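For reference, the structure discussed in these notes is given below.
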Amino acid sequence: MIAHTHPYPAIEVKALSKSYGEVRALDGISFEVGRGELFGLIGPDGAGKTTLFRLLTTLIAPDQGSASVDGLDILADYRRIRQRVGYMPGRFSLYPDLTVEENLAFFAALFDVKVRDNYDLIAPIYRQIEPFRTRRTDKLSGGMKQKLALCCALIHRPSVLFLDEPTTGVDAVSRNEFWDILFNLKAKGISILISTPYMDEANCCDRVALINEGKILEINTPQAIVEGFGETLYALSGEDMFGLLEAARRDKEVRRCYPFGETHHLLTSPGFDPRRFAEALTATGFCGVSVRPVEAGIEDVFIKRMGNG
Amino acid sequence: MGGFMSFVRKEALHIVRDRRTMLIVLLMPVVQMLLFGFAISTEVNNIDFAVVAPKHSEAIRQQVERLSVNDYFTFKGYISPQATDELLRQGEVDAVVVFAEDYDRRVNAIADGYPTGPAIQLVFDASNPNVAASGAGYLQNALQVGGTQHLPIETHTMYNPQMKSAYNFAPGIMGLIFLLICAMMTSISIVREKETGTMEVLLVSPVRPLRIIVAKMVPYFLLSCINLITIMSLARFALEVPMTGSMVGLIGISLLYILLALALGLFISTVANTQVVAMLISGMVLLMPVIMLSGMVFPVENMPNILQAISYIIPARWYIEAMRKLMIEGLGFGAVWKEFVILIAMTVVLVTIALKKFNDKLE
């Protein structure tokens, strides 16, 4: 195994921009992913995550700015980059009419390696789907397809792994298993850039970048991002949730109110008193009103930052 | 090289796993050839004929008797001249033999060397040109043997006076089928990878795009070769197309045409982004002109000038023309060098454009 003792970061992005016609998919973003780091890109659909992946995997060329992967420039050294990255596009790119082992063998041949050469790397994952190795890929469950796609992306022992929304459309149990696999890969020294629309998965990353409309809102560890929320967040609940949402939005001291799971989250102005607010709502006829402070999550940070946009 | 072979293997698996498509691809040429072969089967028997004889004479009776005992003909009876058209239209009879009113006199006059009008008229239903063509020939022969040596017979073919031979369809079917298999199927198979996203992974791999493309073409090329063998065997043994022309030229120009069709498929795949679009382009932009303008159905010479001009850029036109010369007219390779050069030029241009457009980036 090649020791990863490069002086370069795994990924380095400098003021990268890319437009599709009028749409600025990426607008001058910069960040760095360290060696062996698990770096998350968090953002809604259309934020520019997939464009960033395609740029870094040398599938498209940037309009402005530069980037390097493994110390190699994405324009000048794109052929060498292609030999050492693993890429799992948003849709699991497997051949549905081939069996599990045929898919794996094909992707190994694509990178001119033998499956057994790097079997140790994929073994923990592949063992789970091995009982189905003669089954056609289109007959697999979403979770199994995802694991097979990951095996295919890992078969040539890449030093940097790009995973574009690998957990989208996969059940919760498989998602948890998948993250456990990623922790193992990270422990083996593989740098990982992963994107996800699920905010709860952000906490699994070493660092995350919040990205929206082609711009990075913030880069930090998940804890630091949450700690940087910088104000008290309130959760509002009661019997008539829809009525409460409308009523809260009419209140002058509430800056923003949005549904969050079974409650509504409130961003408030200074001088907001939760007890007085609850009493006022009860007085107007709402039943079982409760307003209490809650800990902000990454999603709350995201909504707050997008609102300030 | 291991990478290349596994690519070819993967492509072959795609084809084999798609049973329905493969069955169509392998059976379509057979079915088409046999369908057209049926139509041009030269073995015509059971020709039903009726006789119009205004005046019965011993000579006429002998002629009719001779035809009646012939295996190929079935005598349906004497009819009036007015009933001729009616019976032919209804399909009651395939032919009507009309004896002249003064048949005996005319026959004698001919025998003595005096000029005179025809003694017998044959009226044929040529809505099936093959029955008409062969049947008329048989009947004429049979009547000649029976009568005097130089009995002039006037033959009318009704409903399809040109009597176009369906021989022409064999080269036409080949021009169509190779285009269908190579251009349509290659383009769809490449575009499918774009659509499902596997192309992204292929491009991100270190494999060069040229290899991806060539590996994709190999199985379709082999499939087309199987079809070439099937079609040529059927043409030779089932349809009895002469095929006395240069065999090397025939196979050579067919392989060249297959390559051209593959290049066309590759070109379509660089333009189309979805399988539906690829199919529409192959169907509308390739197949329609081939059927209409290549001379497969309508002779190019009869088209308006503008359509003739368009037909110059249709590869199938040149291929079909060359194949006619080689398969039916039985000419040597020297007779088709012009078509050969044109097809080579077209292939080179298409491959160049396609490779330029098919780069190793997504856009």
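Note on naming: chains are A, B, ... as they come in the structure tokens, residues start from 1 per chain, ligands start from 1 in the order shown.
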Report task. If you run DSSP over the backbone, which residues in stretch 65-250 of chain A end up alpha helix (DSSP H)? Put them as a PyMOL selection string. Result -> chain A and resi 78-84+100-110+119-129+142-154+172-187+222-227+241-250
Hey, can you spit out that residue selection with C-alpha atoms as a short mmCIF file (atom, residue, chain, number, x, y, z; two decimals), in the first residue's frame?
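Contents of part18.cif, freshly written:
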```
data_model
loop_
_atom_site.label_atom_id
_atom_site.label_comp_id
_atom_site.auth_asym_id
_atom_site.auth_seq_id
_atom_site.Cartn_x
_atom_site.Cartn_y
_atom_site.Cartn_z
CA TYR A 78 -6.61 15.61 -15.15
CA ARG A 79 -5.51 12.24 -16.48
CA ARG A 80 -3.39 11.55 -13.41
CA ILE A 81 -6.22 12.64 -11.13
CA ARG A 82 -8.49 10.11 -12.79
CA GLN A 83 -6.16 7.31 -11.73
CA ARG A 84 -6.32 8.10 -8.07
CA VAL A 100 -23.02 -7.94 -8.62
CA GLU A 101 -19.74 -9.66 -9.35
CA GLU A 102 -19.81 -8.72 -13.03
CA ASN A 103 -20.17 -5.07 -12.07
CA LEU A 104 -17.30 -5.28 -9.63
CA ALA A 105 -15.06 -7.13 -12.09
CA PHE A 106 -15.80 -4.58 -14.78
CA PHE A 107 -14.94 -1.59 -12.63
CA ALA A 108 -11.76 -3.32 -11.49
CA ALA A 109 -10.79 -3.88 -15.13
CA LEU A 110 -11.60 -0.26 -15.85
CA TYR A 119 -10.05 -7.08 -1.66
CA ASP A 120 -8.91 -6.21 1.87
CA LEU A 121 -10.18 -2.65 1.39
CA ILE A 122 -13.68 -3.57 0.22
CA ALA A 123 -14.01 -6.83 2.15
CA PRO A 124 -15.98 -5.41 5.11
CA ILE A 125 -18.50 -3.92 2.68
CA TYR A 126 -18.50 -6.58 -0.01
CA ARG A 127 -19.03 -9.42 2.45
CA GLN A 128 -22.52 -8.03 3.13
CA ILE A 129 -23.53 -8.26 -0.52
CA GLY A 142 -31.26 0.52 -2.46
CA GLY A 143 -28.91 -0.11 0.44
CA MET A 144 -27.20 -3.00 -1.34
CA LYS A 145 -26.87 -1.02 -4.55
CA GLN A 146 -25.25 1.75 -2.56
CA LYS A 147 -22.75 -0.65 -1.00
CA LEU A 148 -21.93 -2.20 -4.35
CA ALA A 149 -21.44 1.24 -5.89
CA LEU A 150 -19.07 2.09 -3.07
CA CYS A 151 -17.14 -1.15 -3.63
CA CYS A 152 -16.84 -0.27 -7.31
CA ALA A 153 -15.59 3.21 -6.46
CA LEU A 154 -13.02 1.76 -4.04
CA ALA A 172 -32.19 4.83 7.80
CA VAL A 173 -30.53 1.57 8.89
CA SER A 174 -28.49 1.36 5.70
CA ARG A 175 -27.54 5.00 6.10
CA ASN A 176 -26.10 4.35 9.54
CA GLU A 177 -24.21 1.31 8.27
CA PHE A 178 -22.88 3.38 5.42
CA TRP A 179 -21.45 6.00 7.74
CA ASP A 180 -19.77 3.29 9.81
CA ILE A 181 -18.12 2.11 6.60
CA LEU A 182 -16.93 5.63 5.87
CA PHE A 183 -15.36 5.92 9.34
CA ASN A 184 -13.42 2.74 8.60
CA LEU A 185 -12.23 4.08 5.25
CA LYS A 186 -11.16 7.30 6.90
CA ALA A 187 -9.18 5.28 9.44
CA PRO A 222 -20.24 20.62 13.06
CA GLN A 223 -19.91 21.53 16.77
CA ALA A 224 -18.42 24.95 16.06
CA ILE A 225 -21.11 25.68 13.52
CA VAL A 226 -23.85 24.89 16.00
CA GLU A 227 -22.10 26.83 18.74
CA MET A 241 -49.93 23.70 14.68
CA PHE A 242 -50.90 25.47 11.46
CA GLY A 243 -52.75 28.21 13.28
CA LEU A 244 -49.79 28.66 15.63
CA LEU A 245 -47.41 29.03 12.68
CA GLU A 246 -49.53 31.84 11.22
CA ALA A 247 -50.03 33.51 14.57
CA ALA A 248 -46.33 33.40 15.42
CA ARG A 249 -45.40 34.87 12.05
CA ARG A 250 -47.72 37.84 12.75
#
```
Query - Interface residues on chain B facing chain A, 9 Å, only C-alpha atoms, written as a VMD selection string - result: chain B and resid 1 to 7 9 to 10 13 to 14 17 to 18 193 196 to 207 360 to 363
Requested in this report: May I have the residues within 8 Å of B:Met174 as a ChimeraX atom specification, using only C-alpha atoms and disregarding those fewer than 6 positions away in the same chain?
Outcome: /B:29,228,231,320
Report task. Could you check how far atom CA of A:Thr137 sits from atom CA of A:Thr51, in Å to one decimal? Result ->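 Interatomic distance, atom CA of A:Thr137 to atom CA of A:Thr51: 27.1 Å.
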Report task. Apply DSSP to the structure's backbone, then extract all residues of stretch 18-179 of chain A labelled strand (DSSP E or B) and return them as a PyMOL selection string. Result -> chain A and resi 18-20+23-33+38-42+64-69+72-73+85-88+99+136+160-164
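Nearest to B:Val30 of all the residues B:Thr274, B:Leu234, B:Ile344, B:Leu239 is B:Leu234, counting only C-alpha atoms.
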Report task. Tell me, as a PyMOL selection string, which residues lie within 7 Å of B:Ile47, counting only C-alpha atoms; anything in the same chain fewer than 2 positions away does not count. Result -> chain B and resi 45+49+72-74+94+135
**Report entry** Close residues, stretch 33-50 of chain A itself excluded, 9 Å, only C-alpha atoms, min 4 positions apart in chain, as number ranges by chain
**Finding:** A: 4-6, 8-13, 24-26, 54-55, 70, 89-90, 159-160, 164-165, 182-183, 185-199, 201-202, 204-215, 302
Expected file: the selected residues, N, CA and C atoms, as a compact mmCIF listing (two decimals), in the first residue's frame:
```txt
# COMPACT_ATOMS: atom_id res chain seq x y z
N HIS A 4 0.46 7.55 2.31
CA HIS A 4 0.02 8.88 1.89
C HIS A 4 0.79 9.94 2.68
N THR A 5 1.98 10.22 2.25
CA THR A 5 2.79 11.19 2.97
C THR A 5 3.01 12.43 2.12
N HIS A 6 1.97 12.78 1.35
CA HIS A 6 2.10 13.94 0.48
C HIS A 6 2.09 15.22 1.30
N TYR A 8 0.76 17.82 0.12
CA TYR A 8 -0.42 18.60 -0.31
C TYR A 8 -1.64 18.18 0.48
N PRO A 9 -2.61 19.09 0.57
CA PRO A 9 -3.91 18.66 1.09
C PRO A 9 -4.58 17.75 0.07
N ALA A 10 -5.58 17.00 0.52
CA ALA A 10 -6.27 16.09 -0.40
C ALA A 10 -6.97 16.87 -1.51
N ILE A 11 -7.64 17.95 -1.11
CA ILE A 11 -8.34 18.78 -2.09
C ILE A 11 -8.09 20.23 -1.74
N GLU A 12 -7.81 21.02 -2.76
CA GLU A 12 -7.62 22.44 -2.53
C GLU A 12 -8.41 23.19 -3.60
N VAL A 13 -9.32 24.03 -3.18
CA VAL A 13 -10.18 24.75 -4.13
C VAL A 13 -9.99 26.24 -3.92
N ARG A 24 -25.37 30.82 -12.26
CA ARG A 24 -24.05 30.64 -11.65
C ARG A 24 -24.13 29.47 -10.69
N ALA A 25 -23.70 28.30 -11.17
CA ALA A 25 -23.80 27.10 -10.35
C ALA A 25 -22.82 27.17 -9.18
N LEU A 26 -21.63 27.70 -9.43
CA LEU A 26 -20.64 27.89 -8.37
C LEU A 26 -20.10 29.30 -8.50
N ARG A 54 -18.26 17.38 -10.15
CA ARG A 54 -17.86 17.17 -11.54
C ARG A 54 -16.61 17.95 -11.87
N LEU A 55 -16.45 19.12 -11.26
CA LEU A 55 -15.23 19.90 -11.48
C LEU A 55 -14.03 19.16 -10.89
N ASP A 70 -5.17 15.86 -4.64
CA ASP A 70 -3.93 15.12 -4.42
C ASP A 70 -2.73 15.90 -4.95
N PRO A 89 -21.22 8.88 -8.35
CA PRO A 89 -22.16 9.95 -8.71
C PRO A 89 -23.49 9.80 -7.99
N GLY A 90 -24.30 10.83 -8.07
CA GLY A 90 -25.58 10.86 -7.35
C GLY A 90 -26.44 9.66 -7.62
N SER A 159 -7.02 7.46 -3.42
CA SER A 159 -6.56 8.20 -2.24
C SER A 159 -7.59 9.24 -1.83
N VAL A 160 -8.40 9.68 -2.80
CA VAL A 160 -9.48 10.61 -2.46
C VAL A 160 -10.79 10.02 -2.98
N ASP A 164 -21.21 11.69 -4.05
CA ASP A 164 -22.24 12.70 -4.28
C ASP A 164 -23.59 12.16 -3.81
N GLU A 165 -24.05 12.65 -2.68
CA GLU A 165 -25.32 12.22 -2.08
C GLU A 165 -25.48 10.71 -2.08
N LEU A 182 -17.76 4.46 6.18
CA LEU A 182 -16.93 5.63 5.87
C LEU A 182 -15.91 5.91 6.97
N PHE A 183 -16.32 5.71 8.24
CA PHE A 183 -15.36 5.92 9.34
C PHE A 183 -14.19 4.95 9.19
N LEU A 185 -13.05 3.66 6.39
CA LEU A 185 -12.23 4.08 5.25
C LEU A 185 -11.34 5.25 5.66
N LYS A 186 -11.91 6.15 6.42
CA LYS A 186 -11.16 7.30 6.90
C LYS A 186 -9.98 6.81 7.75
N ALA A 187 -10.24 5.82 8.59
CA ALA A 187 -9.18 5.28 9.44
C ALA A 187 -8.06 4.69 8.60
N LYS A 188 -8.38 4.26 7.37
CA LYS A 188 -7.35 3.70 6.50
C LYS A 188 -6.64 4.79 5.71
N GLY A 189 -6.93 6.03 5.98
CA GLY A 189 -6.18 7.13 5.39
C GLY A 189 -6.78 7.70 4.12
N ILE A 190 -7.99 7.27 3.77
CA ILE A 190 -8.62 7.79 2.55
C ILE A 190 -9.34 9.10 2.87
N SER A 191 -9.05 10.12 2.08
CA SER A 191 -9.74 11.40 2.26
C SER A 191 -11.08 11.33 1.56
N ILE A 192 -12.10 11.86 2.19
CA ILE A 192 -13.45 11.71 1.63
C ILE A 192 -14.14 13.07 1.56
N LEU A 193 -14.68 13.38 0.38
CA LEU A 193 -15.57 14.53 0.23
C LEU A 193 -16.96 13.98 -0.04
N ILE A 194 -17.90 14.28 0.84
CA ILE A 194 -19.24 13.71 0.71
C ILE A 194 -20.27 14.83 0.74
N SER A 195 -21.29 14.71 -0.09
CA SER A 195 -22.36 15.70 -0.02
C SER A 195 -23.61 15.02 0.45
N THR A 196 -24.45 15.77 1.14
CA THR A 196 -25.71 15.20 1.62
C THR A 196 -26.73 16.31 1.82
N PRO A 197 -27.98 15.99 1.54
CA PRO A 197 -29.03 16.97 1.85
C PRO A 197 -29.55 16.77 3.28
N TYR A 198 -29.09 15.68 3.94
CA TYR A 198 -29.56 15.41 5.30
C TYR A 198 -28.69 16.14 6.30
N MET A 199 -29.28 17.08 7.01
CA MET A 199 -28.51 17.88 7.95
C MET A 199 -27.98 17.03 9.11
N GLU A 201 -26.76 14.22 9.07
CA GLU A 201 -25.53 13.49 8.73
C GLU A 201 -24.30 14.38 8.85
N ALA A 202 -24.54 15.69 8.91
CA ALA A 202 -23.41 16.62 9.01
C ALA A 202 -22.57 16.33 10.25
N CYS A 204 -21.62 13.70 11.44
CA CYS A 204 -20.68 12.59 11.27
C CYS A 204 -19.38 13.06 10.62
N CYS A 205 -19.37 14.25 10.03
CA CYS A 205 -18.19 14.71 9.30
C CYS A 205 -17.21 15.39 10.26
N ASP A 206 -15.92 15.39 9.83
CA ASP A 206 -14.93 16.13 10.60
C ASP A 206 -15.21 17.63 10.49
N ARG A 207 -15.39 18.06 9.25
CA ARG A 207 -15.74 19.47 9.01
C ARG A 207 -16.81 19.49 7.93
N VAL A 208 -17.62 20.52 7.94
CA VAL A 208 -18.62 20.64 6.89
C VAL A 208 -18.57 22.04 6.29
N ALA A 209 -19.00 22.12 5.05
CA ALA A 209 -19.19 23.40 4.40
C ALA A 209 -20.67 23.54 4.11
N LEU A 210 -21.27 24.64 4.57
CA LEU A 210 -22.66 24.89 4.22
C LEU A 210 -22.66 25.63 2.89
N ILE A 211 -23.36 25.07 1.93
CA ILE A 211 -23.32 25.65 0.59
C ILE A 211 -24.73 25.92 0.11
N ASN A 212 -24.91 27.10 -0.47
CA ASN A 212 -26.22 27.47 -1.00
C ASN A 212 -26.05 28.41 -2.18
N GLU A 213 -26.78 28.15 -3.25
CA GLU A 213 -26.75 28.96 -4.46
C GLU A 213 -25.34 29.26 -4.93
N GLY A 214 -24.49 28.23 -4.91
CA GLY A 214 -23.15 28.35 -5.45
C GLY A 214 -22.15 29.04 -4.54
N LYS A 215 -22.59 29.40 -3.34
CA LYS A 215 -21.68 30.08 -2.42
C LYS A 215 -21.56 29.28 -1.13
N PHE A 302 -28.37 26.77 9.13
CA PHE A 302 -28.52 26.93 7.69
C PHE A 302 -29.66 27.89 7.36
```
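Reported to one decimal place, the separation of atom CA of B:Leu222 from atom CA of B:Gly332 is 26.1 Å.
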